[in-house]
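Source file: query_14.cif (mmCIF, C-alpha atoms)
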```
data_upload
loop_
_atom_site.label_atom_id
_atom_site.label_comp_id
_atom_site.auth_asym_id
_atom_site.auth_seq_id
_atom_site.Cartn_x
_atom_site.Cartn_y
_atom_site.Cartn_z
CA MET T 2 0.00 0.00 0.00
CA THR T 3 1.54 3.32 -0.99
CA LYS T 4 1.33 6.40 1.06
CA ALA T 5 -0.68 8.20 -1.59
CA SER T 6 -3.46 5.61 -1.71
CA SER T 7 -3.85 5.44 2.05
CA LEU T 8 -4.10 9.21 2.09
CA SER T 9 -6.73 9.14 -0.63
CA ASP T 10 -8.64 6.43 1.28
CA GLY T 11 -8.68 8.68 4.29
CA THR T 12 -10.03 11.61 2.36
CA ALA T 13 -12.43 9.41 0.38
CA LEU T 14 -14.00 8.22 3.63
CA ARG T 15 -14.47 11.77 4.72
CA ASP T 16 -15.75 12.94 1.36
CA GLU T 17 -18.41 10.27 1.18
CA LEU T 18 -19.71 10.40 4.70
CA VAL T 19 -19.79 14.10 5.32
CA PRO T 20 -22.38 15.78 3.15
CA ARG T 21 -20.89 18.92 1.69
CA ARG T 22 -24.14 20.11 0.24
CA VAL T 23 -27.80 19.25 0.61
CA ARG T 24 -28.62 16.34 -1.67
CA GLN T 25 -32.38 16.10 -1.01
CA PHE T 26 -34.66 19.04 -1.41
CA GLY T 27 -34.90 21.41 1.42
CA SER T 28 -34.61 25.04 2.09
CA ALA T 29 -31.10 24.65 3.50
CA ARG T 30 -29.40 26.04 0.41
CA ASP T 31 -31.01 29.44 0.55
CA GLY T 32 -33.02 29.00 3.71
CA LEU T 33 -31.53 31.86 5.67
CA ARG T 34 -32.44 34.42 3.06
CA GLU T 35 -36.05 33.17 2.99
CA TRP T 36 -36.24 32.95 6.76
CA ARG T 37 -35.11 36.55 7.06
CA LEU T 38 -37.40 37.78 4.26
CA GLN T 39 -40.37 36.05 5.89
CA ARG T 40 -39.70 37.81 9.20
CA LEU T 41 -39.07 41.19 7.54
CA THR T 42 -42.32 41.00 5.58
CA ALA T 43 -44.10 39.81 8.74
CA ILE T 44 -42.93 42.89 10.65
CA ALA T 45 -43.88 45.17 7.75
CA LEU T 46 -47.29 43.52 7.53
CA ILE T 47 -48.21 44.19 11.17
CA PRO T 48 -49.04 47.89 10.63
CA LEU T 49 -49.76 47.59 6.88
CA SER T 50 -52.26 44.75 7.13
CA LEU T 51 -54.00 46.25 10.18
CA TYR T 52 -54.57 49.48 8.24
CA PHE T 53 -55.56 47.56 5.14
CA SER T 54 -57.95 45.11 6.80
CA ALA T 55 -59.79 47.83 8.70
CA SER T 56 -60.27 49.73 5.43
CA ILE T 57 -61.01 46.75 3.23
CA LEU T 58 -63.71 45.25 5.43
CA SER T 59 -65.72 48.45 5.43
CA LEU T 60 -64.99 49.11 1.74
CA ALA T 61 -65.71 45.59 0.50
CA THR T 62 -69.34 46.17 1.32
CA SER T 63 -69.48 49.77 0.07
CA ASP T 64 -70.20 51.06 -3.43
CA ARG T 65 -67.64 51.47 -6.20
CA LYS T 66 -67.24 55.24 -6.00
CA THR T 67 -66.24 55.15 -2.32
CA ALA T 68 -63.72 52.37 -2.99
CA ALA T 69 -62.33 54.01 -6.13
CA ASP T 70 -61.98 57.40 -4.39
CA TRP T 71 -60.13 55.76 -1.53
CA LEU T 72 -57.74 53.89 -3.83
CA SER T 73 -57.01 56.96 -5.95
CA SER T 74 -55.68 59.07 -3.08
CA PRO T 75 -51.90 58.85 -2.67
CA ILE T 76 -51.43 57.38 0.82
CA PRO T 77 -53.96 54.54 0.51
CA ALA T 78 -52.66 53.80 -3.02
CA LEU T 79 -49.07 53.52 -1.76
CA LEU T 80 -50.02 51.47 1.29
CA VAL T 81 -52.19 49.07 -0.73
CA ILE T 82 -49.35 48.52 -3.23
CA LEU T 83 -46.97 47.84 -0.33
CA VAL T 84 -49.40 45.48 1.41
CA VAL T 85 -49.97 43.56 -1.84
CA LEU T 86 -46.22 43.14 -2.45
CA ALA T 87 -45.30 42.30 1.15
CA GLY T 88 -48.33 40.06 1.62
CA ILE T 89 -47.78 38.02 -1.54
CA THR T 90 -44.04 37.63 -0.82
CA HIS T 91 -44.89 36.46 2.70
CA ALA T 92 -47.58 34.10 1.40
CA LEU T 93 -45.31 32.60 -1.27
CA ILE T 94 -42.56 31.79 1.25
CA GLY T 95 -45.16 30.27 3.57
CA VAL T 96 -46.84 28.16 0.89
CA ARG T 97 -43.41 27.01 -0.35
CA SER T 98 -42.43 25.83 3.12
CA VAL T 99 -45.70 23.89 3.36
CA ILE T 100 -45.20 22.12 0.02
CA LEU T 101 -41.59 21.37 0.97
CA ASP T 102 -42.96 19.50 3.98
CA TYR T 103 -45.60 17.46 2.19
CA VAL T 104 -44.41 17.00 -1.40
CA HIS T 105 -41.67 14.41 -1.63
CA THR T 106 -41.21 14.01 -5.37
CA ARG T 107 -38.75 16.23 -7.19
CA ALA T 108 -40.97 16.62 -10.26
CA ARG T 109 -44.07 17.51 -8.24
CA LEU T 110 -42.06 19.89 -6.10
CA LEU T 111 -40.77 21.68 -9.19
CA ALA T 112 -44.27 21.79 -10.70
CA GLY T 113 -45.72 23.19 -7.47
CA GLU T 114 -42.92 25.69 -7.19
CA LEU T 115 -43.45 26.98 -10.73
CA LEU T 116 -47.23 27.10 -10.29
CA PHE T 117 -47.20 29.00 -7.00
CA ARG T 118 -44.51 31.40 -8.18
CA ALA T 119 -46.48 32.12 -11.35
CA VAL T 120 -49.70 32.72 -9.40
CA ALA T 121 -47.86 35.01 -6.97
CA VAL T 122 -46.22 37.08 -9.71
CA ILE T 123 -49.49 37.44 -11.65
CA LEU T 124 -51.44 38.39 -8.51
CA ALA T 125 -48.85 40.96 -7.45
CA GLY T 126 -48.70 42.45 -10.95
CA ALA T 127 -52.48 42.60 -11.32
CA GLY T 128 -52.97 44.12 -7.87
CA VAL T 129 -50.37 46.85 -8.44
CA LEU T 130 -51.73 47.56 -11.92
CA ALA T 131 -55.29 47.92 -10.59
CA VAL T 132 -54.21 50.46 -7.96
CA LEU T 133 -52.01 52.35 -10.44
CA LYS T 134 -54.92 52.60 -12.90
CA LEU T 135 -57.16 54.17 -10.24
CA PHE T 136 -54.39 56.40 -8.91
CA LEU T 137 -53.15 57.70 -12.28
CA GLY T 138 -56.59 57.88 -13.86
CA ARG T 139 -58.26 60.18 -11.37
CA MET B 16 -41.03 5.95 1.94
CA GLU B 17 -44.12 5.32 4.04
CA ARG B 18 -43.51 7.51 7.00
CA PRO B 19 -46.37 8.83 9.11
CA LEU B 20 -46.86 12.52 8.42
CA SER B 21 -47.32 14.85 11.33
CA PRO B 22 -50.89 16.19 10.88
CA PHE B 23 -52.25 12.65 10.76
CA MET B 24 -50.40 11.78 13.94
CA PHE B 25 -52.29 14.51 15.70
CA PRO B 26 -55.70 13.11 16.75
CA THR B 27 -54.61 9.49 17.21
CA TRP B 28 -51.16 9.59 18.73
CA TYR B 29 -50.66 12.96 20.26
CA ARG B 30 -52.41 14.31 23.32
CA PHE B 31 -54.15 17.64 22.75
CA GLN B 32 -51.90 20.54 23.59
CA ILE B 33 -52.67 24.20 23.09
CA THR B 34 -49.19 24.80 21.62
CA SER B 35 -49.36 22.18 18.86
CA ALA B 36 -53.00 22.97 18.07
CA LEU B 37 -52.18 26.66 17.59
CA SER B 38 -49.11 25.78 15.51
CA ILE B 39 -51.24 23.79 13.08
CA LEU B 40 -53.84 26.54 13.08
CA HIS B 41 -51.12 29.03 12.13
CA ARG B 42 -50.38 27.05 8.99
CA LEU B 43 -54.05 26.51 8.14
CA THR B 44 -54.92 30.19 8.53
CA GLY B 45 -51.80 31.08 6.52
CA ILE B 46 -52.99 28.94 3.63
CA ALA B 47 -56.53 30.30 3.97
CA LEU B 48 -55.17 33.86 3.81
CA ALA B 49 -53.06 33.01 0.76
CA VAL B 50 -56.20 31.75 -0.98
CA GLY B 51 -58.11 34.78 0.29
CA SER B 52 -55.52 37.12 -1.20
CA ILE B 53 -56.66 35.96 -4.65
CA LEU B 54 -60.16 37.25 -3.83
CA LEU B 55 -58.71 40.44 -2.48
CA VAL B 56 -56.71 41.20 -5.63
CA TRP B 57 -59.78 40.27 -7.64
CA TRP B 58 -61.74 42.90 -5.72
CA LEU B 59 -59.03 45.52 -6.50
CA ILE B 60 -59.24 44.62 -10.19
CA THR B 61 -63.04 44.95 -10.24
CA VAL B 62 -62.86 48.36 -8.55
CA ALA B 63 -60.39 49.48 -11.24
CA ALA B 64 -62.43 47.92 -14.05
CA GLY B 65 -65.86 49.01 -12.78
CA GLY B 66 -69.08 48.27 -14.64
CA GLU B 67 -70.71 44.85 -14.68
CA LEU B 68 -67.67 43.15 -13.15
CA PHE B 69 -67.82 45.27 -10.02
CA THR B 70 -71.61 44.99 -9.66
CA THR B 71 -71.46 41.18 -9.76
CA THR B 72 -68.55 40.99 -7.29
CA HIS B 73 -70.19 43.52 -5.00
CA ALA B 74 -73.47 41.57 -5.02
CA PHE B 75 -71.54 38.43 -4.09
CA LEU B 76 -69.61 40.12 -1.27
CA ILE B 77 -72.74 41.48 0.43
CA SER B 78 -74.64 38.21 0.01
CA PRO B 79 -74.76 35.88 3.07
CA ILE B 80 -72.06 33.63 1.58
CA GLY B 81 -69.85 36.62 0.82
CA LEU B 82 -70.22 38.02 4.33
CA VAL B 83 -69.45 34.63 5.88
CA LEU B 84 -66.29 34.44 3.71
CA LEU B 85 -65.26 37.96 4.74
CA PHE B 86 -65.91 37.12 8.37
CA GLY B 87 -63.87 33.91 8.08
CA TRP B 88 -61.10 35.85 6.37
CA SER B 89 -61.04 38.38 9.21
CA VAL B 90 -60.86 35.64 11.88
CA ALA B 91 -58.01 33.91 10.01
CA PHE B 92 -56.28 37.25 9.53
CA PHE B 93 -56.42 38.33 13.18
CA TYR B 94 -55.38 34.89 14.38
CA HIS B 95 -52.41 34.73 12.00
CA LEU B 96 -51.44 38.30 12.94
CA CYS B 97 -51.52 37.69 16.71
CA ASN B 98 -49.86 34.30 16.52
CA GLY B 99 -47.30 35.73 14.09
CA ILE B 100 -46.32 38.30 16.71
CA ARG B 101 -45.99 35.39 19.18
CA HIS B 102 -43.68 33.68 16.68
CA LEU B 103 -41.60 36.85 16.28
CA ALA B 104 -41.19 36.96 20.07
CA TRP B 105 -39.96 33.36 20.00
CA ASP B 106 -37.54 34.25 17.17
CA ALA B 107 -36.16 36.96 19.43
CA GLY B 108 -35.76 34.36 22.20
CA TYR B 109 -38.67 35.25 24.49
CA GLY B 110 -41.43 33.10 25.97
CA PHE B 111 -40.05 29.61 25.38
CA GLU B 112 -40.99 28.17 28.78
CA ILE B 113 -43.90 25.71 28.54
CA ARG B 114 -46.05 27.74 30.85
CA SER B 115 -45.54 31.07 29.08
CA ALA B 116 -45.95 29.43 25.65
CA ALA B 117 -49.34 28.06 26.75
CA ARG B 118 -50.31 31.35 28.34
CA SER B 119 -49.39 33.40 25.25
CA GLY B 120 -51.40 30.89 23.20
CA TYR B 121 -54.58 31.60 25.16
CA ALA B 122 -53.79 35.32 24.93
CA VAL B 123 -53.61 34.99 21.13
CA LEU B 124 -57.04 33.31 21.07
CA ALA B 125 -58.54 36.02 23.25
CA ALA B 126 -56.98 38.79 21.15
CA THR B 127 -58.33 37.17 17.97
CA VAL B 128 -61.88 37.19 19.32
CA LEU B 129 -61.54 40.75 20.59
CA LEU B 130 -60.01 42.20 17.41
CA THR B 131 -62.55 40.45 15.18
CA ALA B 132 -65.44 41.73 17.31
CA ILE B 133 -64.09 45.30 17.37
CA THR B 134 -63.51 45.32 13.61
CA TRP B 135 -67.00 44.13 12.74
CA LEU B 136 -68.62 46.48 15.22
CA TYR B 137 -66.65 49.26 13.53
CA VAL B 138 -67.69 48.09 10.06
CA PHE B 139 -71.38 47.93 10.91
CA LEU B 140 -71.60 51.01 13.12
CA ILE B 141 -69.59 53.40 10.92
#
```
File written out as C-alpha cells:
Amino acid sequence: MTKASSLSDGTALRDELVPRRVRQFGSARDGLREWRLQRLTAIALIPLSLYFSASILSLATSDRKTAADWLSSPIPALLVILVVLAGITHALIGVRSVILDYVHTRARLLAGELLFRAVAVILAGAGVLAVLKLFLGR
Amino acid sequence: MERPLSPFMFPTWYRFQITSALSILHRLTGIALAVGSILLVWWLITVAAGGELFTTTHAFLISPIGLVLLFGWSVAFFYHLCNGIRHLAWDAGYGFEIRSAARSGYAVLAATVLLTAITWLYVFLI
C-alpha cells in the first residue's frame, strides 16, 4: 500500500460520509435568506395589514365610488401597493415551506414551485396595476 | 417511503396541547389567507375595471355567503397576525418556557376574538 493511496482512502472516507451540500430538497441552500425575508415582511405587515384590513372590510361592502376614491388618493394607493407586495411575498414563502414539507417528489415539487410562483407574480402584478390605474386615472 | 406525516399523527397519537394545536392553526390560517388574497386582488381589479364586473362581485360580497367568507377571512387574519407576533417573540428568544408558551397561546385566542369583534362592530356602526 503506498502512502498516496492510504491518504486518498482517508479523504475518500471523509468525502463520502460528510455531506458537503444538501442532496435532497430542502430550504437549507437558501433558507436563511427566505427565513429573514419572511420575518421582515411579517414585521412590515403588522401595521400595513392592520390598516388595510380595517379599510377593506368596510370598503368591500361599500359602493364602487367610495372604494375608487379611496384607492385613488396617494397614501392609501401607496399602502395598498406595499401590502400587496409584502403580503404576496410572505404568502409565497409560507406556501413554499408547506409544500416542501408534504411533497416528496422532485418533479411535483418543481411543478408546485413553478405554479405558486407564477400565481404570486401574476397576482402581485395585477394588484399593483389595478391600484395604479385608479391612482393615475383620477 | 411510508412515514407517518405529522398532521395525521395529531388526533390518534398525540395528546391535545394548546401549543401544537395553535401551531397547526397558524399554517391553516396562513394557507386560507393566501387563498383569500386571490379574492382580495380580484376585488381591486373589479374596482379598477368598474361596470358589470364590479356589480357582480359587490353583489356576491354582500350576500350571506360573501359576508361569511369575509368574516372567516377576518378571523383567520387576526389569528395569524396575533400568533405571528408570538412567533416573532420566540424568534427573538422570548417566551419559550412551557407555561408562558401556553399562556401566550390563550392570549392569542382572546386577542383574535376581541379584534374580530371590534372590527365588525366598527364596520357595521360606521
| range 126-141 of chain B surroundings by only C-alpha atoms, 6 Å radius, close-in-sequence under 5 positions cut, as a count of residues only | 3
| task | One decimal, Å: what's the distance from CA of Ala119 in chain T over to CA of Ala55 in chain T, could you say? | result |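 Separation between CA of Ala119 in chain T and CA of Ala55 in chain T: 28.7 Å.
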| field | Residue among B:Ser38, B:Val123, B:Phe92, B:Ile80 lying closest to chain T, counting all atoms listed in the file | value | B:Phe92
| Taking all atoms listed in the file into account, which residues of chain T are within 9 Å of chain B, as JSON, numbers by chain? | {"T": [40, 43, 44, 46, 47, 50, 51, 54, 55, 56, 57, 58, 59, 60, 61, 62, 63, 64, 65, 66, 68, 69, 72, 85, 88, 89, 92, 93, 95, 96, 99, 103, 124, 125, 127, 128, 129, 130, 131, 132, 133, 134, 135]}
| So how far away is CA of Val81 in chain T from CA of Phe136 in chain T, in Å? |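 According to the coordinates, CA of Phe136 in chain T and CA of Val81 in chain T are separated by 11.2 Å.
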| field | Evaluate the PyMOL selection byres ((chain B and resi 110-121) around 9) and report residues as a PyMOL selection string | value | chain B and resi 32-34+37+98+101+104-105+108-109+122-126
| task | Rounded to one decimal place, report the CA of Ala87 in chain T-CA of Leu41 in chain T distance in Å. | result |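 Taking CA of Ala87 in chain T and CA of Leu41 in chain T, their separation equals 9.0 Å.
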Within 12 Å of Leu111 in chain T, counting all atoms listed in the file, which residues qualify if same-chain residues fewer than 6 places away don't, as a short mmCIF file (atom, residue, chain, number, x, y, z; two decimals) with C-alpha atoms, keeping the file's coordinate frame?
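Generated output (part.cif):
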```cif
data_model
loop_
_atom_site.label_atom_id
_atom_site.label_comp_id
_atom_site.auth_asym_id
_atom_site.auth_seq_id
_atom_site.Cartn_x
_atom_site.Cartn_y
_atom_site.Cartn_z
CA PHE T 26 -34.66 19.04 -1.41
CA ARG T 97 -43.41 27.01 -0.35
CA ILE T 100 -45.20 22.12 0.02
CA LEU T 101 -41.59 21.37 0.97
CA VAL T 104 -44.41 17.00 -1.40
CA HIS T 105 -41.67 14.41 -1.63
CA PHE T 117 -47.20 29.00 -7.00
CA ARG T 118 -44.51 31.40 -8.18
#
```
Pick out the residues sitting within 10 Å of Ser35 in chain B, and hand them over as a short mmCIF file (atom, residue, chain, number, x, y, z; two decimals) with C-alpha atoms, keeping the file's coordinate frame; count all atoms listed in the file, and ignore anything fewer than 5 positions along from it in its own chain.
```
data_model
loop_
_atom_site.label_atom_id
_atom_site.label_comp_id
_atom_site.auth_asym_id
_atom_site.auth_seq_id
_atom_site.Cartn_x
_atom_site.Cartn_y
_atom_site.Cartn_z
CA PHE B 25 -52.29 14.51 15.70
CA TYR B 29 -50.66 12.96 20.26
CA ARG B 30 -52.41 14.31 23.32
CA LEU B 40 -53.84 26.54 13.08
CA HIS B 41 -51.12 29.03 12.13
CA ALA B 117 -49.34 28.06 26.75
CA GLY B 120 -51.40 30.89 23.20
#
```
